[in-house]
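Pasting my_file-v9.cif here (mmCIF, C-alpha atoms):
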```
data_my_file
loop_
_atom_site.label_atom_id
_atom_site.label_comp_id
_atom_site.auth_asym_id
_atom_site.auth_seq_id
_atom_site.Cartn_x
_atom_site.Cartn_y
_atom_site.Cartn_z
CA MET A 8 112.55 88.03 127.42
CA SER A 9 109.60 86.32 129.06
CA TYR A 10 105.86 86.46 129.41
CA SER A 11 104.30 86.78 132.79
CA THR A 12 101.17 84.69 132.28
CA SER A 13 100.26 81.58 130.35
CA ALA A 14 97.07 83.32 129.33
CA ALA A 15 99.06 85.52 126.99
CA LEU A 16 99.95 82.50 124.92
CA ASP A 17 96.64 80.68 125.31
CA PRO A 18 95.22 80.45 121.79
CA VAL A 19 91.59 80.95 120.92
CA SER A 20 89.56 77.79 121.36
CA GLY A 21 88.44 76.24 118.12
CA ALA A 22 86.63 73.31 116.61
CA ASP A 23 89.70 71.54 115.23
CA GLY A 24 89.76 68.14 116.95
CA ASN A 25 89.34 68.08 120.72
CA ALA A 26 89.33 71.77 121.64
CA SER A 27 91.13 71.48 124.98
CA GLU A 28 93.79 69.14 123.58
CA MET A 29 94.36 71.42 120.59
CA ASP A 30 94.58 74.46 122.84
CA ALA A 31 97.26 72.68 124.86
CA THR A 32 99.15 71.80 121.68
CA TYR A 33 99.04 75.37 120.38
CA ARG A 34 100.22 76.65 123.76
CA LYS A 35 103.16 74.27 123.59
CA VAL A 36 104.03 75.47 120.07
CA ALA A 37 103.67 79.12 121.04
CA TRP A 38 105.89 78.81 124.09
CA ARG A 39 108.54 77.02 122.04
CA LEU A 40 108.59 79.34 119.01
CA ILE A 41 107.33 82.82 119.91
CA PRO A 42 109.86 83.90 122.58
CA PHE A 43 112.78 82.92 120.35
CA LEU A 44 111.31 84.63 117.29
CA VAL A 45 110.63 87.73 119.38
CA PHE A 46 114.24 87.68 120.55
CA LEU A 47 115.48 87.49 116.96
CA PHE A 48 113.31 90.36 115.82
CA VAL A 49 114.31 92.47 118.81
CA LEU A 50 117.91 92.07 117.62
CA ALA A 51 116.91 92.89 114.03
CA TRP A 52 114.94 95.96 115.07
CA ILE A 53 117.69 97.26 117.36
CA ASP A 54 120.28 96.88 114.59
CA ARG A 55 117.92 98.55 112.12
CA VAL A 56 117.05 101.62 114.20
CA ASN A 57 120.08 102.14 116.46
CA VAL A 58 121.22 104.68 113.88
CA GLY A 59 118.56 106.93 115.44
CA PHE A 60 120.55 106.97 118.68
CA ALA A 61 123.95 107.04 116.96
CA LYS A 62 122.68 110.16 115.17
CA LEU A 63 122.79 112.16 118.41
CA GLN A 64 126.61 112.24 118.17
CA MET A 65 127.40 110.74 114.76
CA LEU A 66 126.12 113.69 112.72
CA GLN A 67 128.33 116.12 114.59
CA ASP A 68 131.42 113.92 114.33
CA LEU A 69 131.00 113.26 110.59
CA GLN A 70 129.47 116.64 109.68
CA PHE A 71 126.34 115.05 108.19
CA SER A 72 123.18 117.13 107.67
CA GLU A 73 119.71 116.06 108.79
CA ALA A 74 118.88 115.36 105.13
CA VAL A 75 121.91 113.03 104.82
CA TYR A 76 120.74 111.18 107.93
CA GLY A 77 117.17 110.96 106.65
CA LEU A 78 118.29 109.52 103.32
CA GLY A 79 120.68 107.07 104.97
CA ALA A 80 118.09 105.93 107.51
CA GLY A 81 115.54 105.41 104.75
CA ILE A 82 117.73 103.84 102.05
CA PHE A 83 117.74 100.69 104.16
CA PHE A 84 114.24 100.05 102.85
CA ILE A 85 115.28 100.22 99.20
CA GLY A 86 117.50 97.18 99.69
CA TYR A 87 114.75 95.64 101.78
CA PHE A 88 112.21 96.23 99.01
CA LEU A 89 114.34 94.77 96.22
CA PHE A 90 115.26 91.51 97.95
CA GLU A 91 112.27 90.72 100.14
CA VAL A 92 110.09 88.78 97.68
CA PRO A 93 113.01 86.66 96.36
CA SER A 94 114.02 85.90 99.96
CA ASN A 95 110.54 84.70 100.92
CA LEU A 96 110.13 82.61 97.78
CA LEU A 97 113.52 81.08 98.56
CA LEU A 98 112.36 80.33 102.11
CA GLU A 99 109.42 78.40 100.68
CA LYS A 100 111.88 76.27 98.69
CA ILE A 101 114.85 75.73 101.06
CA GLY A 102 113.16 76.12 104.43
CA ALA A 103 112.92 78.59 107.28
CA ARG A 104 115.96 77.49 109.32
CA LYS A 105 118.56 78.11 106.63
CA THR A 106 116.90 81.31 105.44
CA LEU A 107 116.48 82.90 108.89
CA ALA A 108 120.00 81.87 109.97
CA ARG A 109 121.55 83.41 106.83
CA ILE A 110 119.58 86.62 107.30
CA THR A 111 120.49 87.01 110.97
CA ILE A 112 124.22 86.43 110.52
CA LEU A 113 124.54 88.84 107.60
CA TRP A 114 122.60 91.71 109.18
CA GLY A 115 124.77 91.35 112.32
CA LEU A 116 127.92 91.75 110.21
CA ALA A 117 126.47 94.74 108.33
CA SER A 118 125.46 96.43 111.57
CA MET A 119 128.96 96.06 113.01
CA ALA A 120 130.45 97.51 109.81
CA MET A 121 128.41 100.70 110.39
CA ALA A 122 130.97 101.63 113.05
CA TYR A 123 133.43 102.46 110.27
CA VAL A 124 131.26 104.90 108.29
CA THR A 125 133.24 108.03 107.35
CA THR A 126 131.38 109.58 104.41
CA PRO A 127 127.77 109.91 103.28
CA THR A 128 128.50 107.41 100.48
CA THR A 129 129.68 104.67 102.86
CA PHE A 130 126.74 105.48 105.13
CA TYR A 131 124.30 104.99 102.25
CA ILE A 132 126.01 101.78 101.03
CA LEU A 133 126.04 100.09 104.43
CA ARG A 134 122.46 101.06 105.22
CA PHE A 135 121.42 99.70 101.81
CA LEU A 136 123.29 96.43 102.47
CA LEU A 137 121.72 96.15 105.92
CA GLY A 138 118.33 96.29 104.17
CA VAL A 139 119.41 93.68 101.61
CA PHE A 140 120.61 91.31 104.31
CA GLU A 141 117.59 91.73 106.59
CA ALA A 142 115.12 91.44 103.70
CA GLY A 143 112.81 88.53 104.16
CA PHE A 144 113.10 88.17 107.93
CA PHE A 145 109.79 89.72 108.98
CA PRO A 146 107.65 88.29 106.14
CA GLY A 147 109.56 85.05 106.55
CA VAL A 148 108.47 84.80 110.17
CA VAL A 149 104.88 85.78 109.28
CA LEU A 150 104.91 82.99 106.66
CA TYR A 151 106.61 80.57 109.09
CA LEU A 152 103.83 81.09 111.64
CA THR A 153 101.24 80.09 109.02
CA TYR A 154 102.95 76.66 109.01
CA TRP A 155 101.94 76.25 112.66
CA PHE A 156 98.76 78.23 113.40
CA PRO A 157 95.40 78.35 111.54
CA ALA A 158 93.91 81.69 110.51
CA ARG A 159 91.55 82.14 113.46
CA ARG A 160 94.48 82.02 115.89
CA ARG A 161 96.87 84.28 114.03
CA ALA A 162 95.97 87.80 115.22
CA ARG A 163 96.95 86.88 118.76
CA VAL A 164 100.04 84.97 117.68
CA ASN A 165 101.07 87.76 115.30
CA GLY A 166 100.51 90.25 118.11
CA LEU A 167 102.75 88.29 120.45
CA PHE A 168 105.48 88.08 117.81
CA MET A 169 105.11 91.74 116.91
CA THR A 170 105.59 92.82 120.50
CA SER A 171 109.19 92.61 119.34
CA PHE A 172 108.70 96.07 117.77
CA ALA A 173 107.69 97.51 121.08
CA ILE A 174 110.07 95.46 123.22
CA ALA A 175 112.95 96.53 121.01
CA GLY A 176 111.93 100.15 121.49
CA ALA A 177 111.51 99.66 125.22
CA VAL A 178 114.88 97.95 125.80
CA GLY A 179 116.77 99.35 122.81
CA GLY A 180 116.56 102.96 123.96
CA PRO A 181 117.99 102.43 127.46
CA ILE A 182 120.66 100.01 126.15
CA ALA A 183 121.70 102.46 123.42
CA GLY A 184 121.77 105.32 125.91
CA LEU A 185 123.82 103.25 128.34
CA ILE A 186 126.35 102.23 125.67
CA MET A 187 126.73 105.77 124.34
CA SER A 188 127.12 107.15 127.87
CA GLY A 189 129.38 104.40 129.17
CA MET A 190 131.63 103.97 126.12
CA GLU A 191 132.37 107.66 125.61
CA GLY A 192 136.15 108.01 125.29
CA VAL A 193 136.86 104.26 125.50
CA GLY A 194 139.66 103.15 123.20
CA HIS A 195 140.05 104.88 119.85
CA LEU A 196 136.37 104.62 118.91
CA ALA A 197 133.53 107.10 119.42
CA ASN A 198 130.52 106.10 121.50
CA TRP A 199 128.32 105.70 118.42
CA GLN A 200 130.88 103.33 116.90
CA TRP A 201 130.77 101.17 120.01
CA LEU A 202 126.98 101.19 119.73
CA PHE A 203 127.03 99.55 116.29
CA ILE A 204 129.68 96.98 117.27
CA LEU A 205 128.23 95.92 120.62
CA GLU A 206 124.69 95.65 119.25
CA GLY A 207 125.77 93.72 116.15
CA ILE A 208 127.61 90.91 117.94
CA PRO A 209 124.48 89.27 119.49
CA SER A 210 122.83 89.05 116.06
CA LEU A 211 125.87 87.28 114.63
CA LEU A 212 125.73 84.66 117.40
CA ALA A 213 121.95 84.30 117.25
CA GLY A 214 122.12 83.33 113.59
CA PHE A 215 123.85 80.07 114.54
CA ALA A 216 121.30 79.45 117.31
CA VAL A 217 118.51 79.46 114.69
CA LEU A 218 119.85 76.22 113.20
CA ALA A 219 119.71 74.48 116.57
CA TRP A 220 116.34 75.77 117.81
CA LEU A 221 113.82 76.16 114.98
CA PRO A 222 112.13 73.14 113.35
CA GLU A 223 110.88 73.60 109.79
CA LYS A 224 107.27 72.49 110.29
CA PRO A 225 105.21 70.52 112.84
CA ALA A 226 106.31 67.21 111.29
CA ASN A 227 109.94 68.08 112.17
CA ALA A 228 109.32 69.09 115.80
CA LYS A 229 110.91 66.51 118.10
CA TRP A 230 109.17 68.08 121.10
CA LEU A 231 105.69 67.24 119.72
CA SER A 232 104.07 63.80 119.94
CA GLU A 233 103.04 62.03 116.75
CA ALA A 234 99.38 62.73 117.54
CA GLU A 235 100.13 66.44 117.99
CA LYS A 236 102.11 66.59 114.76
CA ASN A 237 99.31 64.92 112.82
CA ALA A 238 96.60 67.15 114.32
CA LEU A 239 98.48 70.36 113.44
CA THR A 240 99.38 69.17 109.95
CA GLN A 241 95.84 68.03 109.12
CA THR A 242 94.23 71.22 110.45
CA LEU A 243 96.46 73.44 108.33
CA ALA A 244 96.18 71.23 105.24
CA ALA A 245 92.38 71.38 105.43
CA GLU A 246 92.43 75.16 105.81
CA ASN A 247 94.84 75.72 102.91
CA SER A 248 92.76 73.56 100.58
CA ALA A 249 89.53 75.46 101.36
CA PRO A 250 87.76 77.24 98.45
CA GLY A 251 88.68 80.88 97.88
CA LYS A 252 92.36 80.54 98.82
CA HIS A 253 94.88 81.86 96.30
CA LEU A 254 97.79 79.42 96.02
CA SER A 255 100.20 80.77 93.37
CA PHE A 256 102.29 83.94 93.37
CA LYS A 257 100.69 84.91 90.06
CA ASP A 258 97.26 84.67 91.70
CA ALA A 259 98.48 86.89 94.54
CA CYS A 260 99.79 89.56 92.16
CA ALA A 261 96.50 89.55 90.23
CA ASN A 262 94.40 90.03 93.36
CA TYR A 263 93.50 93.68 93.98
CA ARG A 264 93.22 92.98 97.73
CA VAL A 265 96.97 92.34 97.87
CA TRP A 266 97.64 95.82 96.47
CA ILE A 267 95.14 97.46 98.83
CA CYS A 268 96.87 95.70 101.71
CA ALA A 269 100.24 96.96 100.42
CA ALA A 270 98.94 100.54 100.34
CA VAL A 271 97.51 100.25 103.86
CA TYR A 272 100.74 98.76 105.15
CA PHE A 273 102.75 101.57 103.54
CA CYS A 274 100.77 104.05 105.60
CA VAL A 275 101.09 102.03 108.82
CA VAL A 276 104.84 101.56 108.42
CA SER A 277 105.35 105.29 107.87
CA GLY A 278 104.26 105.81 111.46
CA ASN A 279 106.39 102.98 112.78
CA ALA A 280 109.48 104.32 110.97
CA THR A 281 108.78 107.76 112.39
CA ILE A 282 108.75 106.68 116.02
CA ALA A 283 111.65 104.27 115.44
CA PHE A 284 114.05 106.68 113.72
CA TRP A 285 112.90 110.01 115.11
CA ALA A 286 111.71 109.36 118.68
CA PRO A 287 115.16 110.21 120.13
CA SER A 288 115.24 113.46 118.14
CA ILE A 289 111.66 114.32 119.11
CA ILE A 290 112.44 113.70 122.78
CA LYS A 291 115.60 115.79 122.50
CA GLU A 292 113.64 118.59 120.80
CA ILE A 293 111.09 118.77 123.64
CA GLY A 294 113.92 119.56 126.03
CA ILE A 295 115.26 116.27 127.42
CA LYS A 296 119.05 116.27 127.78
CA GLY A 297 121.57 113.43 128.06
CA ASN A 298 121.84 110.23 126.03
CA LEU A 299 120.81 107.94 128.89
CA GLN A 300 117.80 110.07 129.81
CA ILE A 301 116.68 110.22 126.17
CA GLY A 302 117.06 106.45 125.89
CA LEU A 303 115.04 105.78 129.04
CA ILE A 304 112.24 108.18 128.15
CA SER A 305 112.04 106.86 124.58
CA ALA A 306 111.03 103.49 126.06
CA ILE A 307 107.74 104.89 127.41
CA PRO A 308 105.84 105.04 124.07
CA PHE A 309 107.00 101.55 123.15
CA ILE A 310 105.93 100.04 126.47
CA ALA A 311 102.45 101.48 126.02
CA GLY A 312 102.46 100.26 122.41
CA THR A 313 103.36 96.73 123.53
CA LEU A 314 100.32 96.53 125.77
CA ALA A 315 98.05 97.95 123.06
CA MET A 316 99.43 95.53 120.46
CA VAL A 317 98.79 92.42 122.55
CA TRP A 318 95.35 93.59 123.67
CA ASN A 319 94.23 94.48 120.14
CA GLY A 320 95.32 91.11 118.77
CA ILE A 321 93.57 89.19 121.56
CA HIS A 322 90.36 91.21 121.25
CA SER A 323 90.34 90.88 117.46
CA ASP A 324 90.63 87.08 117.70
CA LYS A 325 87.88 86.89 120.32
CA THR A 326 85.46 88.93 118.24
CA GLY A 327 86.61 87.71 114.82
CA GLU A 328 86.60 91.34 113.61
CA ARG A 329 89.62 92.74 111.73
CA ARG A 330 88.66 95.91 109.82
CA MET A 331 87.69 98.25 112.64
CA HIS A 332 90.42 96.96 114.95
CA SER A 333 92.89 98.05 112.29
CA ALA A 334 91.17 101.28 111.18
CA VAL A 335 90.62 102.65 114.68
CA ALA A 336 94.24 101.95 115.60
CA THR A 337 95.60 103.96 112.65
CA LEU A 338 93.14 106.77 113.38
CA ILE A 339 94.49 106.96 116.94
CA ALA A 340 98.00 107.09 115.45
CA CYS A 341 96.97 110.02 113.26
CA ILE A 342 95.58 111.95 116.23
CA GLY A 343 98.68 111.25 118.32
CA LEU A 344 101.10 112.41 115.61
CA VAL A 345 99.16 115.63 114.99
CA ALA A 346 99.06 116.34 118.72
CA THR A 347 102.81 115.69 119.00
CA GLY A 348 103.54 118.17 116.23
CA MET A 349 101.32 120.78 117.84
CA THR A 350 102.80 120.44 121.35
CA LEU A 351 106.57 120.17 120.81
CA GLY A 352 106.98 123.21 123.04
CA ASN A 353 105.45 121.38 126.02
CA ALA A 354 107.51 118.35 127.05
CA ALA A 355 104.86 116.54 129.11
CA ILE A 356 102.01 116.92 126.59
CA ALA A 357 104.26 116.12 123.62
CA LEU A 358 105.48 112.93 125.29
CA CYS A 359 101.89 111.89 126.06
CA SER A 360 100.93 112.61 122.46
CA LEU A 361 103.87 110.59 121.13
CA THR A 362 102.77 107.71 123.39
CA VAL A 363 99.24 107.89 121.96
CA ALA A 364 100.72 107.77 118.46
CA ALA A 365 102.82 104.71 119.36
CA ILE A 366 99.76 102.97 120.83
CA GLY A 367 97.83 103.41 117.59
CA ILE A 368 100.71 102.53 115.28
CA LEU A 369 101.76 99.36 117.07
CA ALA A 370 98.21 98.15 117.77
CA ALA A 371 97.51 98.11 114.02
CA PHE A 372 100.20 95.57 113.12
CA PRO A 373 98.96 92.20 114.42
CA VAL A 374 95.40 92.68 113.20
CA PHE A 375 96.53 93.92 109.81
CA TRP A 376 98.55 90.77 109.12
CA SER A 377 95.50 88.61 109.77
CA ILE A 378 93.79 90.22 106.74
CA PRO A 379 96.02 88.95 103.86
CA ALA A 380 96.51 85.58 105.57
CA ALA A 381 92.74 85.06 105.27
CA PHE A 382 92.87 84.83 101.46
CA LEU A 383 96.43 83.65 100.69
CA ALA A 384 98.05 80.23 101.10
CA GLY A 385 101.07 78.30 99.86
CA THR A 386 103.33 80.09 97.38
CA ALA A 387 100.78 82.90 97.18
CA ALA A 388 101.23 83.48 100.90
CA ALA A 389 105.03 83.40 100.60
CA GLY A 390 105.13 85.85 97.72
CA GLY A 391 102.05 87.88 98.64
CA ILE A 392 103.08 88.52 102.24
CA ALA A 393 106.57 89.50 101.08
CA LEU A 394 105.14 91.74 98.35
CA ILE A 395 102.86 93.54 100.81
CA ASN A 396 105.66 93.91 103.32
CA SER A 397 108.25 95.09 100.77
CA ILE A 398 105.98 97.73 99.24
CA GLY A 399 104.73 98.78 102.64
CA ASN A 400 108.24 99.12 103.97
CA LEU A 401 109.12 101.61 101.27
CA ALA A 402 107.47 103.97 103.75
CA GLY A 403 110.51 103.32 105.90
CA PHE A 404 112.44 105.15 103.20
CA VAL A 405 109.86 107.84 102.45
CA ALA A 406 108.94 108.84 106.01
CA PRO A 407 112.45 109.36 107.49
CA TYR A 408 113.62 111.13 104.33
CA MET A 409 110.60 113.43 104.21
CA ILE A 410 110.86 114.25 107.91
CA GLY A 411 114.58 114.99 107.53
CA ALA A 412 114.02 117.11 104.42
CA LEU A 413 111.11 119.01 105.98
CA LYS A 414 113.07 119.64 109.16
CA THR A 415 116.03 120.90 107.15
CA SER A 416 113.79 123.29 105.20
CA THR A 417 111.50 124.43 108.04
CA GLY A 418 113.70 123.99 111.10
CA SER A 419 110.97 122.01 112.91
CA LEU A 420 109.81 118.41 113.15
CA SER A 421 106.14 119.40 113.18
CA SER A 422 105.58 119.50 109.42
CA GLY A 423 107.06 116.01 109.02
CA LEU A 424 104.81 114.66 111.78
CA TYR A 425 101.75 116.12 110.05
CA PHE A 426 102.80 114.44 106.80
CA VAL A 427 102.97 111.04 108.49
CA ALA A 428 99.69 111.68 110.33
CA ALA A 429 97.98 112.17 106.96
CA LEU A 430 99.25 108.75 105.84
CA GLU A 431 97.86 107.14 109.00
CA PHE A 432 94.47 108.71 108.27
CA LEU A 433 94.68 107.36 104.71
CA ALA A 434 95.27 103.87 106.14
CA SER A 435 92.02 104.10 108.13
CA PHE A 436 90.14 105.26 105.05
CA LEU A 437 91.47 102.45 102.83
CA VAL A 438 90.68 99.76 105.38
CA VAL A 439 87.12 100.95 105.97
CA VAL A 440 86.34 101.45 102.28
CA PHE A 441 88.16 98.60 100.55
CA VAL A 442 88.74 95.74 103.02
CA LYS A 443 85.83 93.33 103.12
CA LYS A 444 84.22 92.23 106.37
CA GLN A 445 85.28 88.71 107.35
#
```

Taking this structure as input, can you express it in the form of structure tokens?
Amino acid sequence: MSYSTSAALDPVSGADGNASEMDATYRKVAWRLIPFLVFLFVLAWIDRVNVGFAKLQMLQDLQFSEAVYGLGAGIFFIGYFLFEVPSNLLLEKIGARKTLARITILWGLASMAMAYVTTPTTFYILRFLLGVFEAGFFPGVVLYLTYWFPARRRARVNGLFMTSFAIAGAVGGPIAGLIMSGMEGVGHLANWQWLFILEGIPSLLAGFAVLAWLPEKPANAKWLSEAEKNALTQTLAAENSAPGKHLSFKDACANYRVWICAAVYFCVVSGNATIAFWAPSIIKEIGIKGNLQIGLISAIPFIAGTLAMVWNGIHSDKTGERRMHSAVATLIACIGLVATGMTLGNAAIALCSLTVAAIGILAAFPVFWSIPAAFLAGTAAAGGIALINSIGNLAGFVAPYMIGALKTSTGSLSSGLYFVAALEFLASFLVVVFVKKQ
């Protein structure tokens, strides 16, 4: 995974110290940390959503209904919800390296174990455990980046990290299609079993690489000079001690803005879960045949979403505006999902509509995460970010389950897409009405 231009990682110029020297320091930090963190999240995302590709053959082999799949896909987020806040509070105490290494190794093992699912019960248990083990990774990284970058630089940095969503979708589909096509009939395992095993092994190995590559904070980075370490540490310390910052987890829980952010994120994640878990099925329903072809075509919405995500984060940092960058993105997602549901009978238009939906959904993420970081710091940031993410990610349970249940009852994906579109519209409404201008 690489970036084609240094401009992509060039932070916004600021007033902290000598602007050009600080820009150079932040570029150095970004190049060192972001590609590796993106790589880790690509692995996490692939292991989380590869069940969407396994589904194409797994349901037939195991005689699972669409409702069983929807519940199993979504139950991941129950485990995720229950263990996310404790994981992030633990990260604040024991450090990022140990926490992220533990998370990565355990989710790799759980993903590989999915190859041996035989009943709905084992399917539910392993998906739940995958959520438990992965809990804390995403909010942990969001928190970890606050140890390195001040608030005015975070939308772009968050956007670069969150390209992992889109990159995982872009590369995960073709890889999954290739594995399921190429491993058909190999050994005594089905192609979907090989998918879980072969995509779980890299995560297991990457967990050990975390210990060797990631420093805890600027003061621990051997690749920074003493002057660079001091400049970064002093900038962040001054920002975190500024008036208006909530510092304790209790303060975060008592702040209504945290709960508004959680509600907004719930709506945003519902769209992300939809395209992650149901894009292969949607593409199959519009008439595309063959696992490899479905995998390749499913990359198109995610590639477009990657570009939109990076651009939206950069533009938001340049203008300093957060609300409308987030609200417009979720409104575009709403329009795209409605259009997809209305055009499932026309492959070309439905694919274009799904791409529009992915653009809106993914573009909302980096700007959204700049909103809570503006009023949380310290333990409040650790717990508050995890709380927002855990509640928001319950949509990862609700959306796949509702889509599966609605498809089982109506025979079509359209009603489920309309349900998620309504949530995206609600996200726009909540942001415009309740999020203060910064």

Closest contacts (region 131-210 of chain A/region 80-102 of chain A, max 6 Å, all atoms listed in the file) as a Markdown table:
```
| residue | atom | partner | partner_atom | distance |
| --- | --- | --- | --- | --- |
| A:Arg134 | CA | A:Phe83 | CA | 4.9 |
| A:Phe135 | CA | A:Phe83 | CA | 4.5 |
| A:Gly138 | CA | A:Tyr87 | CA | 4.4 |
| A:Val139 | CA | A:Gly86 | CA | 4.4 |
| A:Ala142 | CA | A:Glu91 | CA | 4.6 |
| A:Gly143 | CA | A:Glu91 | CA | 4.6 |
| A:Gly147 | CA | A:Asn95 | CA | 5.7 |
```

Expanded to explicit residues, what is the PyMOL selection byres ((chain A and resi 410) around 9) for this file, as a ChimeraX atom specification?
/A:74,77,281,285,405-409,411-415,420-424,426-427

Output C-alpha atoms for every residue in that selection, as a compact mmCIF listing (two decimals), keeping the file's coordinate frame.
```txt
# COMPACT_ATOMS: atom_id res chain seq x y z
CA ALA A 74 118.88 115.36 105.13
CA GLY A 77 117.17 110.96 106.65
CA THR A 281 108.78 107.76 112.39
CA TRP A 285 112.90 110.01 115.11
CA VAL A 405 109.86 107.84 102.45
CA ALA A 406 108.94 108.84 106.01
CA PRO A 407 112.45 109.36 107.49
CA TYR A 408 113.62 111.13 104.33
CA MET A 409 110.60 113.43 104.21
CA GLY A 411 114.58 114.99 107.53
CA ALA A 412 114.02 117.11 104.42
CA LEU A 413 111.11 119.01 105.98
CA LYS A 414 113.07 119.64 109.16
CA THR A 415 116.03 120.90 107.15
CA LEU A 420 109.81 118.41 113.15
CA SER A 421 106.14 119.40 113.18
CA SER A 422 105.58 119.50 109.42
CA GLY A 423 107.06 116.01 109.02
CA LEU A 424 104.81 114.66 111.78
CA PHE A 426 102.80 114.44 106.80
CA VAL A 427 102.97 111.04 108.49
```

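With all atoms listed in the file as the basis for measurement, A:Leu433 is the residue among A:Ala286, A:Ala238, A:Leu433, A:Arg163 that approaches Ala334 (chain A) most closely.
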
To one decimal place, how far is CA of Val149 (chain A) from CA of Ala311 (chain A) in Å?
23.1 Å

Picked residues, the PyMOL selection byres ((chain A and resi 181) around 9), as a ChimeraX atom specification
/A:176-180,182-186,298-306

Run the PyMOL selection byres ((chain A and resi 167) around 10) on the file and write out the hits as number ranges by chain.
A: 10, 15-16, 37, 41-42, 44-45, 161-166, 168-171, 313, 316-318, 320-321, 373

Selection export as an mmCIF file, keeping the file's coordinate frame, atoms kept: C-alpha atoms:
```
data_model
loop_
_atom_site.group_PDB
_atom_site.id
_atom_site.type_symbol
_atom_site.label_atom_id
_atom_site.label_comp_id
_atom_site.auth_asym_id
_atom_site.auth_seq_id
_atom_site.Cartn_x
_atom_site.Cartn_y
_atom_site.Cartn_z
ATOM 1 C CA TYR A 10 105.860 86.460 129.410
ATOM 2 C CA ALA A 15 99.060 85.520 126.990
ATOM 3 C CA LEU A 16 99.950 82.500 124.920
ATOM 4 C CA ALA A 37 103.670 79.120 121.040
ATOM 5 C CA ILE A 41 107.330 82.820 119.910
ATOM 6 C CA PRO A 42 109.860 83.900 122.580
ATOM 7 C CA LEU A 44 111.310 84.630 117.290
ATOM 8 C CA VAL A 45 110.630 87.730 119.380
ATOM 9 C CA ARG A 161 96.870 84.280 114.030
ATOM 10 C CA ALA A 162 95.970 87.800 115.220
ATOM 11 C CA ARG A 163 96.950 86.880 118.760
ATOM 12 C CA VAL A 164 100.040 84.970 117.680
ATOM 13 C CA ASN A 165 101.070 87.760 115.300
ATOM 14 C CA GLY A 166 100.510 90.250 118.110
ATOM 15 C CA PHE A 168 105.480 88.080 117.810
ATOM 16 C CA MET A 169 105.110 91.740 116.910
ATOM 17 C CA THR A 170 105.590 92.820 120.500
ATOM 18 C CA SER A 171 109.190 92.610 119.340
ATOM 19 C CA THR A 313 103.360 96.730 123.530
ATOM 20 C CA MET A 316 99.430 95.530 120.460
ATOM 21 C CA VAL A 317 98.790 92.420 122.550
ATOM 22 C CA TRP A 318 95.350 93.590 123.670
ATOM 23 C CA GLY A 320 95.320 91.110 118.770
ATOM 24 C CA ILE A 321 93.570 89.190 121.560
ATOM 25 C CA PRO A 373 98.960 92.200 114.420
#
```

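As for CA of Phe172 (chain A) and CA of Leu50 (chain A), they are spaced 10.0 Å apart.
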
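Straight-line separation from CA of Ala393 (chain A) to CA of Cys274 (chain A): 16.3 Å.
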
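The nearest approach to Ile293 (chain A) among the residues A:Leu66, A:Ile395, A:Ala357, A:Leu133, with all atoms listed in the file taken into account, belongs to A:Ala357.
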
Applying 7 Å and all atoms listed in the file, which residues near Leu137 (chain A) remain after dropping the ones on its own chain fewer than 6 positions away? List them as a ChimeraX atom specification.
/A:83,114,117-118

Any chance you could export the current selection's C-alpha atoms as a CSV table (one decimal), in the frame of the given file?
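Below is the file out24.csv, written as the result:
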```csv
chain,number,residue,atom,x,y,z
A,83,PHE,CA,117.7,100.7,104.2
A,114,TRP,CA,122.6,91.7,109.2
A,117,ALA,CA,126.5,94.7,108.3
A,118,SER,CA,125.5,96.4,111.6
```

Mind listing as a tab-separated table (two decimals) with C-alpha atoms, in the coordinates of the input all residues within 10 Å of (98.1, 96.1, 111.1), counting all atoms listed in the file?
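As a result, selection_8.tsv now contains:
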```tsv
chain	number	residue	atom	x	y	z
A	162	ALA	CA	95.97	87.80	115.22
A	165	ASN	CA	101.07	87.76	115.30
A	166	GLY	CA	100.51	90.25	118.11
A	268	CYS	CA	96.87	95.70	101.71
A	271	VAL	CA	97.51	100.25	103.86
A	272	TYR	CA	100.74	98.76	105.15
A	275	VAL	CA	101.09	102.03	108.82
A	276	VAL	CA	104.84	101.56	108.42
A	316	MET	CA	99.43	95.53	120.46
A	319	ASN	CA	94.23	94.48	120.14
A	320	GLY	CA	95.32	91.11	118.77
A	329	ARG	CA	89.62	92.74	111.73
A	330	ARG	CA	88.66	95.91	109.82
A	332	HIS	CA	90.42	96.96	114.95
A	333	SER	CA	92.89	98.05	112.29
A	334	ALA	CA	91.17	101.28	111.18
A	336	ALA	CA	94.24	101.95	115.60
A	337	THR	CA	95.60	103.96	112.65
A	367	GLY	CA	97.83	103.41	117.59
A	368	ILE	CA	100.71	102.53	115.28
A	369	LEU	CA	101.76	99.36	117.07
A	370	ALA	CA	98.21	98.15	117.77
A	371	ALA	CA	97.51	98.11	114.02
A	372	PHE	CA	100.20	95.57	113.12
A	373	PRO	CA	98.96	92.20	114.42
A	374	VAL	CA	95.40	92.68	113.20
A	375	PHE	CA	96.53	93.92	109.81
A	376	TRP	CA	98.55	90.77	109.12
A	377	SER	CA	95.50	88.61	109.77
A	378	ILE	CA	93.79	90.22	106.74
A	434	ALA	CA	95.27	103.87	106.14
```

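You can rank A:Ala175, A:Leu196, A:Ala103, A:Val265 by their closest distance to Phe309 (chain A) using all atoms listed in the file, and at the top of that list sits A:Ala175.
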